[in-house]
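Beneath this line is the structure, given in structure tokens, with notes to follow.
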Amino acid sequence: MKNAVLKVLEERRSVRSYQEKQVEKEALDAILRAGTYAATGMNRQSPIIVAVQDAETIQTLSAMNAAVMGREGSDPFYGAPTVVIVLADPNVRTYVEDGSLVIGNMMNAAFALGVDSCWIHRAKEVFATEEGKALLTKWGISGEYVGIGNLILGYREGDLPAARPRKDNYIYYV
């Protein structure tokens, strides 16, 4: 028994090489909307989503992310033309789970629309810095938010990576 949703879940892969082509607005809007429909604890909707397509801002974010992992000069966003940042209100007990589900929804929606993606960590560390907080202020975001993750979006350069075999004992029936 397989439907379109299960097909997307089984075939989506993280992509780390992108064409320079920007994600179209209609596709991006649909992907972001899918994130807003992620399940959240008690429907509190603690996350917020920031979509970045400005090349200079992406370069700044990439440099900040690389600095966190001690790899200055690298590009942890792999040249993706769009970066989506998910942050969430830490005063909501399920904020990490809420933000993670938002990213997951967007990853699967992107693939269903022919857009590739990869979750990039270190948003928490980047937006805990003074520079990160200044960016949020510059973008008009007020309140207490913690970075959950970055989702890079674009059109892959090359073939879709093959799925690795699923591990043994992944599922238990009781």
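Chains: A, B, ... in order of the structure tokens. Residues: from 1 per chain. Ligands: from 1, in order shown.
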
Contact residues around Leu153 (chain A) with only C-alpha atoms at 12 Å, ignoring same-chain residues under 5 positions, as a ChimeraX atom specification: /A:14-24,27-28,31-32,51-53,58,77-85,103,106-111,113-120

Those same residues - N, CA and C atoms - I'd like them written as a compact mmCIF listing (two decimals), in the first residue's frame.
```txt
# COMPACT_ATOMS: atom_id res chain seq x y z
N SER A 14 18.68 14.15 1.51
CA SER A 14 19.39 15.41 1.74
C SER A 14 20.34 15.65 0.57
N VAL A 15 20.33 16.87 0.08
CA VAL A 15 21.14 17.24 -1.09
C VAL A 15 22.16 18.30 -0.66
N ARG A 16 23.39 18.12 -1.12
CA ARG A 16 24.47 19.02 -0.72
C ARG A 16 25.23 19.63 -1.90
N SER A 17 24.57 19.71 -3.05
CA SER A 17 25.16 20.36 -4.22
C SER A 17 24.01 20.96 -5.03
N TYR A 18 24.08 22.28 -5.25
CA TYR A 18 22.94 23.01 -5.82
C TYR A 18 23.31 23.80 -7.06
N GLN A 19 22.34 23.92 -7.96
CA GLN A 19 22.44 24.83 -9.09
C GLN A 19 22.28 26.25 -8.57
N GLU A 20 22.67 27.22 -9.37
CA GLU A 20 22.53 28.62 -8.97
C GLU A 20 21.09 29.11 -9.11
N LYS A 21 20.24 28.35 -9.74
CA LYS A 21 18.84 28.72 -9.98
C LYS A 21 18.08 28.91 -8.66
N GLN A 22 17.41 30.05 -8.53
CA GLN A 22 16.65 30.36 -7.32
C GLN A 22 15.33 29.59 -7.29
N VAL A 23 14.88 29.26 -6.10
CA VAL A 23 13.59 28.60 -5.91
C VAL A 23 12.49 29.60 -6.28
N GLU A 24 11.55 29.16 -7.11
CA GLU A 24 10.47 30.03 -7.54
C GLU A 24 9.58 30.41 -6.36
N ALA A 27 6.65 28.00 -5.44
CA ALA A 27 7.11 26.79 -4.74
C ALA A 27 7.53 27.13 -3.31
N LEU A 28 8.28 28.22 -3.15
CA LEU A 28 8.72 28.60 -1.80
C LEU A 28 7.53 28.89 -0.90
N ILE A 31 6.02 25.64 0.22
CA ILE A 31 6.89 24.96 1.18
C ILE A 31 6.75 25.59 2.56
N LEU A 32 6.80 26.91 2.61
CA LEU A 32 6.68 27.63 3.88
C LEU A 32 5.31 27.38 4.51
N ALA A 51 12.51 33.14 5.76
CA ALA A 51 12.99 32.71 4.45
C ALA A 51 13.98 33.75 3.92
N VAL A 52 15.16 33.29 3.56
CA VAL A 52 16.22 34.19 3.10
C VAL A 52 16.64 33.79 1.69
N GLN A 53 16.50 34.73 0.76
CA GLN A 53 16.97 34.52 -0.61
C GLN A 53 17.98 35.57 -1.03
N ILE A 58 22.67 35.42 3.00
CA ILE A 58 23.02 33.99 3.05
C ILE A 58 24.52 33.84 3.29
N PHE A 77 26.20 25.83 3.85
CA PHE A 77 24.93 25.86 3.12
C PHE A 77 25.10 25.33 1.70
N TYR A 78 26.29 24.84 1.34
CA TYR A 78 26.55 24.14 0.08
C TYR A 78 26.10 24.90 -1.17
N GLY A 79 26.13 26.22 -1.10
CA GLY A 79 25.76 27.01 -2.27
C GLY A 79 24.28 27.07 -2.57
N ALA A 80 23.44 26.63 -1.64
CA ALA A 80 21.99 26.67 -1.85
C ALA A 80 21.54 28.13 -1.98
N PRO A 81 20.62 28.41 -2.89
CA PRO A 81 20.18 29.79 -3.10
C PRO A 81 19.13 30.29 -2.11
N THR A 82 18.57 29.39 -1.31
CA THR A 82 17.56 29.77 -0.32
C THR A 82 17.89 29.11 1.00
N VAL A 83 17.82 29.88 2.07
CA VAL A 83 17.99 29.34 3.43
C VAL A 83 16.74 29.72 4.22
N VAL A 84 16.14 28.72 4.83
CA VAL A 84 14.98 28.94 5.68
C VAL A 84 15.40 28.65 7.11
N ILE A 85 15.21 29.62 7.97
CA ILE A 85 15.59 29.48 9.38
C ILE A 85 14.33 29.27 10.19
N ILE A 103 10.38 21.90 10.22
CA ILE A 103 11.43 21.64 9.23
C ILE A 103 11.13 20.36 8.46
N MET A 106 8.50 20.94 5.86
CA MET A 106 9.01 21.71 4.73
C MET A 106 9.92 20.87 3.84
N MET A 107 10.72 20.00 4.42
CA MET A 107 11.60 19.12 3.63
C MET A 107 10.78 18.23 2.71
N ASN A 108 9.74 17.63 3.26
CA ASN A 108 8.90 16.73 2.47
C ASN A 108 8.07 17.48 1.44
N ALA A 109 7.55 18.64 1.80
CA ALA A 109 6.80 19.46 0.83
C ALA A 109 7.72 19.88 -0.31
N ALA A 110 8.94 20.28 0.02
CA ALA A 110 9.89 20.71 -1.02
C ALA A 110 10.11 19.58 -2.03
N PHE A 111 10.38 18.40 -1.53
CA PHE A 111 10.64 17.28 -2.43
C PHE A 111 9.43 16.99 -3.31
N LEU A 113 7.47 19.02 -4.47
CA LEU A 113 7.39 20.09 -5.47
C LEU A 113 8.61 20.15 -6.39
N GLY A 114 9.52 19.18 -6.25
CA GLY A 114 10.70 19.16 -7.10
C GLY A 114 11.84 20.04 -6.62
N VAL A 115 11.79 20.45 -5.37
CA VAL A 115 12.83 21.28 -4.77
C VAL A 115 13.59 20.40 -3.77
N ASP A 116 14.91 20.50 -3.80
CA ASP A 116 15.73 19.69 -2.91
C ASP A 116 16.10 20.47 -1.66
N SER A 117 16.52 19.73 -0.62
CA SER A 117 16.77 20.38 0.67
C SER A 117 17.77 19.61 1.50
N CYS A 118 18.21 20.25 2.56
CA CYS A 118 19.05 19.61 3.57
C CYS A 118 18.92 20.42 4.87
N TRP A 119 18.76 19.72 5.97
CA TRP A 119 18.72 20.36 7.29
C TRP A 119 20.16 20.67 7.69
N ILE A 120 20.40 21.91 8.08
CA ILE A 120 21.73 22.33 8.53
C ILE A 120 21.61 22.79 9.98
```

Spatial neighbours of Thr60 (chain A), max dist 12 Å, only C-alpha atoms, sep filter under 2 positions, as JSON, numbers by chain: {"A": [52, 54, 55, 56, 57, 58, 62, 63, 64, 65, 66, 67, 72, 73, 74, 75, 76, 77, 83, 126, 131, 132, 135]}

Those same residues - N, CA and C atoms - I'd like them written as a tab-separated table (two decimals), in the first residue's frame.
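Written out: selection.tsv:
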```tsv
chain	number	residue	atom	x	y	z
A	52	VAL	N	15.16	33.29	3.56
A	52	VAL	CA	16.22	34.19	3.10
A	52	VAL	C	16.64	33.79	1.69
A	54	ASP	N	18.27	36.53	-0.16
A	54	ASP	CA	19.26	37.56	-0.43
A	54	ASP	C	20.66	36.95	-0.30
A	55	ALA	N	21.43	36.98	-1.39
A	55	ALA	CA	22.73	36.31	-1.44
A	55	ALA	C	23.70	36.84	-0.37
A	56	GLU	N	23.69	38.13	-0.13
A	56	GLU	CA	24.60	38.72	0.86
A	56	GLU	C	24.25	38.23	2.28
A	57	THR	N	22.97	38.16	2.58
A	57	THR	CA	22.53	37.68	3.89
A	57	THR	C	22.87	36.20	4.05
A	58	ILE	N	22.67	35.42	3.00
A	58	ILE	CA	23.02	33.99	3.05
A	58	ILE	C	24.52	33.84	3.29
A	62	SER	N	26.07	31.94	6.42
A	62	SER	CA	26.98	30.82	6.17
A	62	SER	C	28.28	31.00	6.96
A	63	ALA	N	28.82	32.22	6.91
A	63	ALA	CA	30.06	32.51	7.64
A	63	ALA	C	29.86	32.34	9.15
A	64	MET	N	28.73	32.78	9.65
A	64	MET	CA	28.44	32.64	11.09
A	64	MET	C	28.33	31.16	11.46
A	65	ASN	N	27.65	30.38	10.62
A	65	ASN	CA	27.47	28.96	10.86
A	65	ASN	C	28.82	28.24	10.81
A	66	ALA	N	29.65	28.58	9.83
A	66	ALA	CA	30.98	27.97	9.71
A	66	ALA	C	31.84	28.29	10.93
A	67	ALA	N	31.73	29.52	11.43
A	67	ALA	CA	32.51	29.92	12.61
A	67	ALA	C	32.12	29.09	13.83
A	72	GLU	N	35.95	28.17	9.49
A	72	GLU	CA	35.86	29.43	8.77
A	72	GLU	C	36.30	29.23	7.32
A	73	GLY	N	35.61	29.90	6.41
A	73	GLY	CA	35.93	29.79	5.00
A	73	GLY	C	35.17	28.69	4.28
A	74	SER	N	34.53	27.80	5.03
A	74	SER	CA	33.72	26.76	4.38
A	74	SER	C	32.30	27.28	4.17
A	75	ASP	N	31.51	26.56	3.39
A	75	ASP	CA	30.11	26.95	3.16
A	75	ASP	C	29.21	25.83	3.65
A	76	PRO	N	28.74	25.91	4.88
A	76	PRO	CA	27.85	24.87	5.39
A	76	PRO	C	26.49	24.84	4.71
A	77	PHE	N	26.20	25.83	3.85
A	77	PHE	CA	24.93	25.86	3.12
A	77	PHE	C	25.10	25.33	1.70
A	83	VAL	N	17.82	29.88	2.07
A	83	VAL	CA	17.99	29.34	3.43
A	83	VAL	C	16.74	29.72	4.22
A	126	VAL	N	24.15	30.09	16.36
A	126	VAL	CA	24.24	31.32	15.56
A	126	VAL	C	23.35	32.42	16.14
A	131	GLU	N	25.59	38.96	17.20
A	131	GLU	CA	25.39	39.19	15.77
A	131	GLU	C	24.08	38.54	15.30
A	132	GLY	N	23.80	37.36	15.78
A	132	GLY	CA	22.56	36.67	15.44
A	132	GLY	C	21.34	37.41	15.96
A	135	LEU	N	20.66	40.41	13.86
A	135	LEU	CA	19.96	40.08	12.62
A	135	LEU	C	18.46	39.97	12.85
```

Picked from region 6-138 of chain A by DSSP as alpha helix (DSSP H), as a VMD selection string: chain A and resid 6 to 11 25 to 36 55 to 68 95 to 112 123 to 126 130 to 138

Strand (DSSP E) positions in region 4-86 of chain A, given as a list in words: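 Put together, the selection reads Pro47, Ile48, Ile49, Val50, Ala51, Val52, Thr82, Val83, Val84, Ile85 and Val86 of chain A.
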
Residues within 10 Å of Glu144 (chain A), only C-alpha atoms, excluding chain neighbours under 5 positions, as a PyMOL selection string: chain A and resi 87-91+133

Which of A:Ile171, A:Leu160, A:Ile141, A:Val102 sits closest to Ala38 (chain A) [using only C-alpha atoms]: A:Val102

Straight-line distance linking CA of Gly41 (chain A) with CA of Asp98 (chain A), stated in Å to one decimal: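 Taking CA of Gly41 (chain A) as the start and CA of Asp98 (chain A) as the end point, the length is 6.6 Å.
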